[in-house]
>>> print(open('data.pdb').read())   # PDB, C-alpha atoms
ATOM      1  CA  MET M   1     -10.966  -5.225 -22.209
ATOM      2  CA  ILE M   2      -8.322  -3.790 -19.895
ATOM      3  CA  SER M   3      -9.182  -1.197 -17.228
ATOM      4  CA  VAL M   4      -6.179   1.002 -16.433
ATOM      5  CA  ILE M   5      -6.652   2.531 -12.969
ATOM      6  CA  MET M   6      -4.696   5.672 -12.114
ATOM      7  CA  PRO M   7      -5.030   7.410  -8.706
ATOM      8  CA  VAL M   8      -4.543  11.170  -9.112
ATOM      9  CA  TYR M   9      -3.427  13.635  -6.457
ATOM     10  CA  ASN M  10      -2.213  17.103  -7.503
ATOM     11  CA  GLU M  11      -0.973  15.979 -10.929
ATOM     12  CA  GLY M  12      -2.658  18.740 -12.937
ATOM     13  CA  ASN M  13       0.519  19.756 -14.782
ATOM     14  CA  GLN M  14       1.036  16.342 -16.355
ATOM     15  CA  ILE M  15      -2.071  14.191 -16.028
ATOM     16  CA  TYR M  16      -3.450  14.992 -19.490
ATOM     17  CA  SER M  17      -0.239  14.223 -21.381
ATOM     18  CA  ASN M  18       0.440  11.132 -19.251
ATOM     19  CA  VAL M  19      -2.986   9.638 -19.920
ATOM     20  CA  VAL M  20      -2.696  10.399 -23.639
ATOM     21  CA  LYS M  21       0.619   8.524 -23.649
ATOM     22  CA  VAL M  22      -0.979   5.482 -22.017
ATOM     23  CA  ILE M  23      -3.907   5.573 -24.448
ATOM     24  CA  SER M  24      -1.553   5.774 -27.438
ATOM     25  CA  ILE M  25       0.409   2.730 -26.228
ATOM     26  CA  LEU M  26      -2.805   0.727 -25.812
ATOM     27  CA  ALA M  27      -4.119   1.896 -29.192
ATOM     28  CA  ARG M  28      -0.903   0.911 -30.990
ATOM     29  CA  ASN M  29      -1.283  -2.574 -29.572
ATOM     30  CA  LYS M  30      -4.966  -2.684 -30.541
ATOM     31  CA  THR M  31      -6.030  -3.300 -26.945
ATOM     32  CA  GLU M  32      -9.615  -2.494 -26.034
ATOM     33  CA  HIS M  33      -9.355  -0.435 -22.887
ATOM     34  CA  GLN M  34     -10.970   1.739 -20.269
ATOM     35  CA  ILE M  35      -9.071   4.442 -18.365
ATOM     36  CA  VAL M  36     -10.273   4.967 -14.779
ATOM     37  CA  LEU M  37      -8.950   8.155 -13.156
ATOM     38  CA  VAL M  38      -9.622   8.700  -9.444
ATOM     39  CA  ASN M  39      -9.157  12.231  -8.131
ATOM     40  CA  ASP M  40      -8.134  11.826  -4.497
ATOM     41  CA  GLY M  41      -9.004  15.308  -3.219
ATOM     42  CA  SER M  42      -6.514  17.230  -5.369
ATOM     43  CA  SER M  43      -6.175  20.939  -4.611
ATOM     44  CA  ASP M  44      -4.804  21.948  -8.031
ATOM     45  CA  ASN M  45      -6.343  21.777 -11.511
ATOM     46  CA  SER M  46      -6.250  17.971 -11.713
ATOM     47  CA  TRP M  47     -10.057  17.645 -11.831
ATOM     48  CA  SER M  48     -10.473  20.123 -14.688
ATOM     49  CA  GLU M  49      -7.775  18.284 -16.668
ATOM     50  CA  MET M  50      -9.522  14.991 -15.960
ATOM     51  CA  GLN M  51     -12.789  16.471 -17.206
ATOM     52  CA  ARG M  52     -11.030  17.547 -20.382
ATOM     53  CA  LEU M  53      -9.797  13.986 -20.858
ATOM     54  CA  SER M  54     -13.331  12.665 -20.343
ATOM     55  CA  ARG M  55     -14.623  15.026 -23.020
ATOM     56  CA  ASP M  56     -11.831  14.241 -25.489
ATOM     57  CA  TYR M  57     -11.763  10.466 -25.058
ATOM     58  CA  ALA M  58     -14.890   8.330 -24.868
ATOM     59  CA  ASN M  59     -13.233   5.501 -22.932
ATOM     60  CA  VAL M  60     -12.131   7.612 -19.941
ATOM     61  CA  LEU M  61     -14.074   7.252 -16.694
ATOM     62  CA  ILE M  62     -13.299   9.904 -14.062
ATOM     63  CA  ILE M  63     -14.136   9.654 -10.360
ATOM     64  CA  LYS M  64     -13.905  12.478  -7.847
ATOM     65  CA  LEU M  65     -13.695  11.527  -4.181
ATOM     66  CA  SER M  66     -15.318  13.861  -1.666
ATOM     67  CA  ARG M  67     -11.929  14.563  -0.035
ATOM     68  CA  ASN M  68      -8.410  13.177   0.208
ATOM     69  CA  PHE M  69      -8.763   9.595   1.462
ATOM     70  CA  GLY M  70      -5.271   8.447   0.455
ATOM     71  CA  LYS M  71      -3.860   6.369  -2.387
ATOM     72  CA  GLU M  72      -5.082   3.077  -0.954
ATOM     73  CA  ALA M  73      -8.694   4.304  -0.962
ATOM     74  CA  ALA M  74      -8.283   5.717  -4.482
ATOM     75  CA  ILE M  75      -7.111   2.312  -5.734
ATOM     76  CA  CYS M  76     -10.154   0.739  -4.047
ATOM     77  CA  ALA M  77     -12.469   3.196  -5.810
ATOM     78  CA  GLY M  78     -10.878   2.415  -9.149
ATOM     79  CA  LEU M  79     -11.058  -1.356  -8.750
ATOM     80  CA  GLU M  80     -14.646  -1.322  -7.520
ATOM     81  CA  ASN M  81     -15.856   0.809 -10.432
ATOM     82  CA  SER M  82     -13.875  -0.744 -13.289
ATOM     83  CA  LEU M  83     -15.434  -2.835 -16.041
ATOM     84  CA  GLY M  84     -12.460  -4.604 -17.641
ATOM     85  CA  ASP M  85     -11.722  -8.312 -17.883
ATOM     86  CA  ALA M  86      -8.476  -7.344 -16.158
ATOM     87  CA  CYS M  87      -7.398  -4.295 -14.165
ATOM     88  CA  LEU M  88      -3.998  -2.652 -14.300
ATOM     89  CA  ILE M  89      -2.949  -0.202 -11.576
ATOM     90  CA  LEU M  90      -0.579   2.509 -12.773
ATOM     91  CA  ASP M  91       0.841   5.605 -11.047
ATOM     92  CA  SER M  92      -0.469   8.766 -12.716
ATOM     93  CA  ASP M  93       3.035  10.338 -12.647
ATOM     94  CA  LEU M  94       4.212   7.427 -14.864
ATOM     95  CA  GLN M  95       6.996   6.364 -12.533
ATOM     96  CA  HIS M  96       5.557   2.991 -13.439
ATOM     97  CA  PRO M  97       6.670   2.695 -17.105
ATOM     98  CA  PRO M  98       3.602   2.376 -19.366
ATOM     99  CA  GLU M  99       5.808   0.819 -22.062
ATOM    100  CA  MET M 100       5.589  -2.413 -20.054
ATOM    101  CA  ILE M 101       1.809  -2.611 -20.336
ATOM    102  CA  PRO M 102       1.727  -4.628 -23.619
ATOM    103  CA  GLU M 103       4.043  -7.283 -22.156
ATOM    104  CA  MET M 104       1.980  -7.499 -18.970
ATOM    105  CA  ILE M 105      -1.179  -7.930 -21.052
ATOM    106  CA  ARG M 106       0.520 -10.642 -23.134
ATOM    107  CA  LEU M 107       1.509 -12.589 -20.040
ATOM    108  CA  TRP M 108      -2.085 -12.410 -18.784
ATOM    109  CA  ARG M 109      -3.801 -13.121 -22.100
ATOM    110  CA  ASP M 110      -1.449 -15.627 -23.774
ATOM    111  CA  GLU M 111       0.263 -17.349 -20.829
ATOM    112  CA  CYS M 112      -2.801 -17.283 -18.546
ATOM    113  CA  TYR M 113      -1.266 -15.623 -15.491
ATOM    114  CA  ASP M 114      -3.897 -14.259 -13.123
ATOM    115  CA  VAL M 115      -1.583 -11.661 -11.590
ATOM    116  CA  VAL M 116       1.276  -9.894 -13.352
ATOM    117  CA  GLU M 117       3.139  -7.792 -10.802
ATOM    118  CA  GLY M 118       5.861  -5.259 -11.411
ATOM    119  CA  VAL M 119       8.819  -5.452  -9.023
ATOM    120  CA  LYS M 120      11.411  -2.716  -8.699
ATOM    121  CA  SER M 121      14.829  -3.678 -10.014
ATOM    122  CA  HIS M 122      15.975  -0.086  -9.498
ATOM    123  CA  ARG M 123      14.309   2.345  -7.076
ATOM    124  CA  GLY M 124      15.302   5.503  -8.961
ATOM    125  CA  LYS M 125      16.670   8.589  -7.210
ATOM    126  CA  GLU M 126      15.987   7.508  -3.668
ATOM    127  CA  SER M 127      18.225   8.379  -0.726
ATOM    128  CA  LEU M 128      20.352   5.707   0.911
ATOM    129  CA  ALA M 129      18.326   6.106   4.107
ATOM    130  CA  GLY M 130      15.088   5.637   2.133
ATOM    131  CA  LYS M 131      16.363   2.468   0.464
ATOM    132  CA  PHE M 132      17.541   1.068   3.805
ATOM    133  CA  ALA M 133      14.176   1.861   5.427
ATOM    134  CA  ALA M 134      12.299   0.183   2.559
ATOM    135  CA  LEU M 135      14.445  -2.968   2.685
ATOM    136  CA  THR M 136      14.095  -3.115   6.469
ATOM    137  CA  PHE M 137      10.317  -2.827   6.208
ATOM    138  CA  TYR M 138      10.044  -5.546   3.541
ATOM    139  CA  LYS M 139      12.241  -7.897   5.574
ATOM    140  CA  PHE M 140      10.313  -7.280   8.792
ATOM    141  CA  PHE M 141       6.973  -7.634   6.970
ATOM    142  CA  ARG M 142       8.051 -10.990   5.564
ATOM    143  CA  LYS M 143       9.244 -12.213   8.964
ATOM    144  CA  THR M 144       6.018 -11.204  10.706
ATOM    145  CA  THR M 145       3.462 -12.157   8.062
ATOM    146  CA  GLY M 146       5.130 -14.748   5.829
ATOM    147  CA  ILE M 147       4.268 -12.607   2.774
ATOM    148  CA  ASN M 148       7.189 -11.585   0.562
ATOM    149  CA  LEU M 149       6.807  -7.997  -0.667
ATOM    150  CA  ASN M 150      10.474  -7.440  -1.463
ATOM    151  CA  SER M 151      10.710  -4.611  -4.058
ATOM    152  CA  ALA M 152       6.952  -4.913  -4.623
ATOM    153  CA  SER M 153       4.862  -2.066  -6.026
ATOM    154  CA  ASP M 154       1.268  -1.180  -6.839
ATOM    155  CA  PHE M 155       2.080  -1.688 -10.532
ATOM    156  CA  LYS M 156       0.019  -4.831 -11.128
ATOM    157  CA  LEU M 157      -2.348  -6.417 -13.609
ATOM    158  CA  LEU M 158      -5.147  -8.427 -11.999
ATOM    159  CA  ASP M 159      -7.535 -10.780 -13.756
ATOM    160  CA  ARG M 160     -11.230 -10.106 -13.148
ATOM    161  CA  LYS M 161     -11.561 -13.170 -10.892
ATOM    162  CA  VAL M 162      -8.709 -11.814  -8.751
ATOM    163  CA  VAL M 163     -10.429  -8.423  -8.520
ATOM    164  CA  ASP M 164     -13.710 -10.105  -7.557
ATOM    165  CA  SER M 165     -11.891 -12.081  -4.851
ATOM    166  CA  TRP M 166     -10.210  -8.900  -3.617
ATOM    167  CA  LYS M 167     -13.626  -7.240  -3.283
ATOM    168  CA  GLN M 168     -14.559  -9.879  -0.695
ATOM    169  CA  MET M 169     -11.941  -8.455   1.670
ATOM    170  CA  ASN M 170     -14.035  -5.957   3.604
ATOM    171  CA  GLU M 171     -11.548  -4.341   5.988
ATOM    172  CA  SER M 172     -11.770  -0.570   6.244
ATOM    173  CA  ILE M 173      -8.018   0.009   6.494
ATOM    174  CA  THR M 174      -6.453  -1.396   3.343
ATOM    175  CA  PHE M 175      -2.919  -2.213   2.206
ATOM    176  CA  PHE M 176      -3.250  -3.090  -1.469
ATOM    177  CA  ARG M 177       0.151  -4.731  -1.959
ATOM    178  CA  GLY M 178      -0.343  -7.018   1.010
ATOM    179  CA  MET M 179      -3.957  -7.811   0.163
ATOM    180  CA  SER M 180      -3.169  -8.701  -3.457
ATOM    181  CA  ALA M 181      -0.246 -10.891  -2.327
ATOM    182  CA  TRP M 182      -2.428 -12.645   0.264
ATOM    183  CA  LEU M 183      -4.923 -13.639  -2.439
ATOM    184  CA  GLY M 184      -2.456 -15.937  -4.165
ATOM    185  CA  PHE M 185      -3.513 -17.144  -7.659
ATOM    186  CA  ASN M 186      -1.176 -17.919 -10.556
ATOM    187  CA  ARG M 187       1.255 -14.998 -10.695
ATOM    188  CA  ILE M 188       4.452 -13.844 -12.339
ATOM    189  CA  GLN M 189       6.829 -10.984 -11.588
ATOM    190  CA  VAL M 190       8.276  -8.599 -14.160
ATOM    191  CA  PRO M 191      11.143  -6.267 -13.156
ATOM    192  CA  PHE M 192      11.083  -2.562 -13.950
ATOM    193  CA  ASN M 193      13.107   0.556 -13.228
ATOM    194  CA  VAL M 194      11.306   3.368 -11.410
ATOM    195  CA  GLN M 195      11.116   6.301 -13.810
ATOM    196  CA  GLU M 196      11.959   9.872 -12.877
ATOM    197  CA  ARG M 197       9.074  12.264 -12.401
ATOM    198  CA  VAL M 198       8.668  14.794 -15.201
ATOM    199  CA  ASN M 199       7.004  17.355 -12.920
ATOM    200  CA  GLY M 200       6.399  17.820  -9.219
ATOM    201  CA  THR M 201       7.616  15.856  -6.240
ATOM    202  CA  THR M 202       6.471  12.777  -4.368
ATOM    203  CA  LYS M 203       3.317  13.172  -2.271
ATOM    204  CA  TRP M 204       4.519  10.678   0.340
ATOM    205  CA  SER M 205       5.970  12.291   3.467
ATOM    206  CA  LYS M 206       8.121  10.351   5.934
ATOM    207  CA  ALA M 207       5.279  10.475   8.466
ATOM    208  CA  ASN M 208       2.833   8.996   5.933
ATOM    209  CA  LEU M 209       5.279   6.214   5.054
ATOM    210  CA  ILE M 210       5.780   5.339   8.735
ATOM    211  CA  LYS M 211       2.011   5.328   9.259
ATOM    212  CA  LEU M 212       1.544   3.067   6.226
ATOM    213  CA  ALA M 213       4.223   0.671   7.514
ATOM    214  CA  ILE M 214       2.546   0.414  10.924
ATOM    215  CA  HIS M 215      -0.906  -0.123   9.386
ATOM    216  CA  SER M 216       0.359  -2.746   6.945
ATOM    217  CA  ILE M 217       2.183  -4.833   9.557
ATOM    218  CA  THR M 218      -0.613  -4.704  12.131
ATOM    219  CA  SER M 219      -3.197  -5.531   9.440
ATOM    220  CA  PHE M 220      -1.496  -8.795   8.506
ATOM    221  CA  SER M 221       0.163  -9.995  11.699
ATOM    222  CA  ALA M 222      -0.462 -10.224  15.440
ATOM    223  CA  LEU M 223       3.235 -10.864  16.122
ATOM    224  CA  PRO M 224       3.793  -7.441  17.779
ATOM    225  CA  LEU M 225       1.230  -8.453  20.396
ATOM    226  CA  HIS M 226       3.121 -11.681  21.013
ATOM    227  CA  LEU M 227       6.297  -9.642  21.467
ATOM    228  CA  VAL M 228       4.640  -8.017  24.486
ATOM    229  CA  THR M 229       4.294 -11.465  26.073
ATOM    230  CA  CYS M 230       7.916 -12.242  25.223
ATOM    231  CA  LEU M 231       9.087  -9.004  26.833
ATOM    232  CA  GLY M 232       7.111  -9.840  29.967
ATOM    233  CA  THR M 233       8.707 -13.305  30.112
ATOM    234  CA  VAL M 234      12.199 -11.874  29.707
ATOM    235  CA  LEU M 235      11.542  -9.331  32.461
ATOM    236  CA  LEU M 236      10.258 -12.097  34.751
ATOM    237  CA  ILE M 237      13.473 -14.082  34.218
ATOM    238  CA  VAL M 238      15.595 -10.987  34.883
ATOM    239  CA  ASP M 239      13.541 -10.290  38.005
ATOM    240  CA  VAL M 240      14.060 -13.829  39.364
ATOM    241  CA  VAL M 241      17.817 -13.552  38.777
ATOM    242  CA  LEU M 242      18.021 -10.159  40.503
ATOM    243  CA  VAL M 243      15.899 -11.299  43.450
ATOM    244  CA  THR M 244      18.161 -14.319  43.892
ATOM    245  CA  GLN M 245      21.265 -12.129  43.720
ATOM    246  CA  THR M 246      19.820  -9.558  46.145
ATOM    247  CA  MET M 247      18.858 -12.177  48.730
ATOM    248  CA  PHE M 248      22.300 -13.750  48.471
ATOM    249  CA  MET M 249      24.020 -10.384  48.925
ATOM    250  CA  LYS M 250      21.774  -9.562  51.877
ATOM    251  CA  TYR M 251      22.351 -12.783  53.832
ATOM    252  CA  THR M 252      26.095 -12.745  53.161
ATOM    253  CA  GLY M 253      26.388  -9.164  54.371
ATOM    254  CA  LYS M 254      27.602  -7.857  50.997
ATOM    255  CA  ALA M 255      24.519  -5.805  50.081
ATOM    256  CA  SER M 256      25.311  -2.318  48.731
ATOM    257  CA  THR M 257      23.527   0.778  49.997
ATOM    258  CA  GLY M 258      22.898   2.428  46.583
ATOM    259  CA  PHE M 259      19.661   2.540  44.664
ATOM    260  CA  THR M 260      21.166   2.521  41.133
ATOM    261  CA  THR M 261      19.884  -0.943  40.311
ATOM    262  CA  VAL M 262      16.399  -0.102  41.574
ATOM    263  CA  ILE M 263      16.230   3.098  39.536
ATOM    264  CA  ILE M 264      17.462   1.379  36.378
ATOM    265  CA  LEU M 265      14.901  -1.395  36.820
ATOM    266  CA  ILE M 266      12.061   1.052  37.390
ATOM    267  CA  LEU M 267      12.957   3.077  34.291
ATOM    268  CA  GLY M 268      13.459  -0.036  32.174
ATOM    269  CA  VAL M 269      10.250  -1.737  33.251
ATOM    270  CA  GLY M 270       8.302   1.518  32.919
ATOM    271  CA  SER M 271       9.578   2.023  29.360
ATOM    272  CA  LEU M 272       8.668  -1.521  28.343
ATOM    273  CA  ILE M 273       5.205  -1.132  29.856
ATOM    274  CA  MET M 274       4.615   2.066  27.868
ATOM    275  CA  ILE M 275       5.847   0.434  24.648
ATOM    276  CA  SER M 276       3.623  -2.575  25.273
ATOM    277  CA  LEU M 277       0.605  -0.361  25.923
ATOM    278  CA  GLY M 278       1.385   1.512  22.711
ATOM    279  CA  ILE M 279       1.415  -1.722  20.678
ATOM    280  CA  ILE M 280      -1.860  -2.827  22.239
ATOM    281  CA  GLY M 281      -3.285   0.641  21.581
ATOM    282  CA  VAL M 282      -2.487   0.365  17.852
ATOM    283  CA  TYR M 283      -4.477  -2.871  17.606
ATOM    284  CA  LEU M 284      -7.343  -1.440  19.653
ATOM    285  CA  SER M 285      -7.514   1.593  17.369
ATOM    286  CA  LYS M 286      -7.665  -0.697  14.315
ATOM    287  CA  ILE M 287     -10.486  -2.685  15.920
ATOM    288  CA  TYR M 288     -12.260   0.597  16.678
ATOM    289  CA  ASP M 289     -11.940   1.719  13.043
ATOM    290  CA  GLU M 290     -13.174  -1.618  11.719
ATOM    291  CA  VAL M 291     -16.254  -1.943  13.949
ATOM    292  CA  LYS M 292     -17.501   1.482  12.848
ATOM    293  CA  HIS M 293     -17.881   0.075   9.311
ATOM    294  CA  ARG M 294     -17.340   3.431   7.664
ATOM    295  CA  PRO M 295     -16.850   3.332   3.870
ATOM    296  CA  ARG M 296     -13.301   3.374   2.552
ATOM    297  CA  TYR M 297     -14.120   6.414   0.437
ATOM    298  CA  LEU M 298     -16.997   8.621  -0.716
ATOM    299  CA  ILE M 299     -17.588   9.594  -4.339
ATOM    300  CA  SER M 300     -18.850  13.101  -5.055
ATOM    301  CA  THR M 301     -18.818  12.923  -8.876
ATOM    302  CA  MET M 302     -18.416  10.205 -11.513
ATOM    303  CA  LEU M 303     -18.341  10.965 -15.221
ATOM    304  CA  GLY M 304     -17.722   8.771 -18.234
ATOM    305  CA  LYS M 305     -19.098   7.127 -21.337
ATOM    306  CA  GLU M 306     -20.215   3.978 -19.528
ATOM    307  CA  LEU M 307     -22.334   5.966 -17.080
ATOM    308  CA  ASN M 308     -23.897   8.042 -19.808
ATOM    309  CA  ASP M 309     -24.750   4.903 -21.760
ATOM    310  CA  GLU M 310     -26.586   3.539 -18.731
TER     311      GLU M 310
END
>>> encode(input="data.pdb", output="structure tokens")
Amino acid sequence: MISVIMPVYNEGNQIYSNVVKVISILARNKTEHQIVLVNDGSSDNSWSEMQRLSRDYANVLIIKLSRNFGKEAAICAGLENSLGDACLILDSDLQHPPEMIPEMIRLWRDECYDVVEGVKSHRGKESLAGKFAALTFYKFFRKTTGINLNSASDFKLLDRKVVDSWKQMNESITFFRGMSAWLGFNRIQVPFNVQERVNGTTKWSKANLIKLAIHSITSFSALPLHLVTCLGTVLLIVDVVLVTQTMFMKYTGKASTGFTTVIILILGVGSLIMISLGIIGVYLSKIYDEVKHRPRYLISTMLGKELNDE
């Protein structure tokens, strides 16, 4: 059985028809399936539409989180409450093409791949600045962590043993793409084109994307902390050179009377100190979040056939 996990946030206008489309594709291919919908604190009619799906289709499990915890937490909730022999993560706006699901299942079932991951061959209607920022992030992430996420997405099929291994990763702040890549296992990539949204707009703001990038890099690499040491070493070398030059100018009677160099050094060193403290602060805040051991999410309601059967 395949569990299709779909995080939902303010998709009330299209969630019903999108889920029906996914179910019809699975039914045509005679695939036993479970649909897991996770409402991540939507403020529209998404929950009522999800309830309608649960009433109309016996194999739909719906989960309502107590508030908006973010997509990463919604994926966690779906994975931890799924029952399938494999789990497939799919965007509820269907920018991940559901027509690829049968091929992904075939690769898992017939060719024994543990992870079938969709990679973006075309990013859709994204601005040039957005594409450049994404490529820069992927390149920097690979350099700092050794994990290649180039054109990666959350559109993945994971075997049950991969999901069980993923559950052993207990960090509070999660980055699903990085975590699933870190796990390894026998995997294959399938390219796809990002589909256009039928309704609505993206829920990711620039601030949220920047925050996600910072969290993902600091979760998988301590290199930024090492950069602080490198900056300190460079400044020490510069300081030795300037001290040598100043002493030479002084004893040869060529010393200037201005303070330009001093001011520039003070501003430069002060800026680097503040940047370094900021980097250290990011890691300290992550440690603070982890030691509190708060749950990744809280469930207020869960409805579905499997629960009723229990």
>>> closest_residue(input="data.pdb", among="M:Met6, M:Val163, M:Cys230, M:Val119", to="Glu72 (chain M)", atoms="all atoms listed in the file")
M:Met6
>>> residues_around(input="data.pdb", residues="Tyr16 (chain M)", least_positions_apart="2", cutoff="8 Å", atoms="all atoms listed in the file", output="tab-separated table (two decimals) with C-alpha atoms, in the coordinates of the input")
chain	number	residue	atom	x	y	z
M	12	GLY	CA	-2.66	18.74	-12.94
M	13	ASN	CA	0.52	19.76	-14.78
M	14	GLN	CA	1.04	16.34	-16.36
M	18	ASN	CA	0.44	11.13	-19.25
M	19	VAL	CA	-2.99	9.64	-19.92
M	20	VAL	CA	-2.70	10.40	-23.64
M	49	GLU	CA	-7.78	18.28	-16.67
M	50	MET	CA	-9.52	14.99	-15.96
M	53	LEU	CA	-9.80	13.99	-20.86
>>> resolve_selection(input="data.pdb", expression="the PyMOL selection byres ((chain M and resi 31) around 9)", output="list in words")
Met1, Ile2, Ile25, Leu26, Ala27, Arg28, Asn29, Lys30, Glu32, His33, Pro102 and Ile105 of chain M
>>> atom_distance(input="data.pdb", atom1="CA of Leu37 (chain M)", atom2="CA of Ser17 (chain M)")
13.4 Å
>>> atom_distance(input="data.pdb", atom1="CA of Leu158 (chain M)", atom2="CA of Ser48 (chain M)")
29.2 Å
>>> residues_around(input="data.pdb", residues="Ser66 (chain M)", least_positions_apart="6", cutoff="6 Å", atoms="only C-alpha atoms", output="list of chain:residue names")
M:Leu298, M:Ile299, M:Ser300
>>> resolve_selection(input="data.pdb", expression="the PyMOL selection byres ((chain M and resi 40) around 12)", output="JSON, numbers by chain")
{"M": [6, 7, 8, 9, 10, 11, 37, 38, 39, 41, 42, 43, 44, 46, 47, 50, 62, 63, 64, 65, 66, 67, 68, 69, 70, 71, 72, 73, 74, 75, 76, 77, 78, 92, 203, 297, 298, 299, 300, 301]}
>>> resolve_selection(input="data.pdb", expression="the PyMOL selection byres ((chain M and resi 106) around 12)", output="number ranges by chain")
M: 2, 29, 31, 86, 100-105, 107-116, 157, 188
>>> atom_distance(input="data.pdb", atom1="CA of Pro98 (chain M)", atom2="CA of Ser153 (chain M)")
14.1 Å
>>> closest_residue(input="data.pdb", among="M:Ile89, M:Leu83, M:Leu235, M:Ile266", to="Phe176 (chain M)", atoms="all atoms listed in the file")
M:Ile89
>>> residues_around(input="data.pdb", residues="Ile35 (chain M)", least_positions_apart="6", cutoff="6 Å", atoms="all atoms listed in the file", output="list in words")
Ser3, Val4, Val60 and Leu61 of chain M
>>> residues_around(input="data.pdb", residues="Phe192 (chain M)", least_positions_apart="3", cutoff="7 Å", atoms="only C-alpha atoms", output="list in words")
Gly118, Val119, Lys120 and Ser121 of chain M
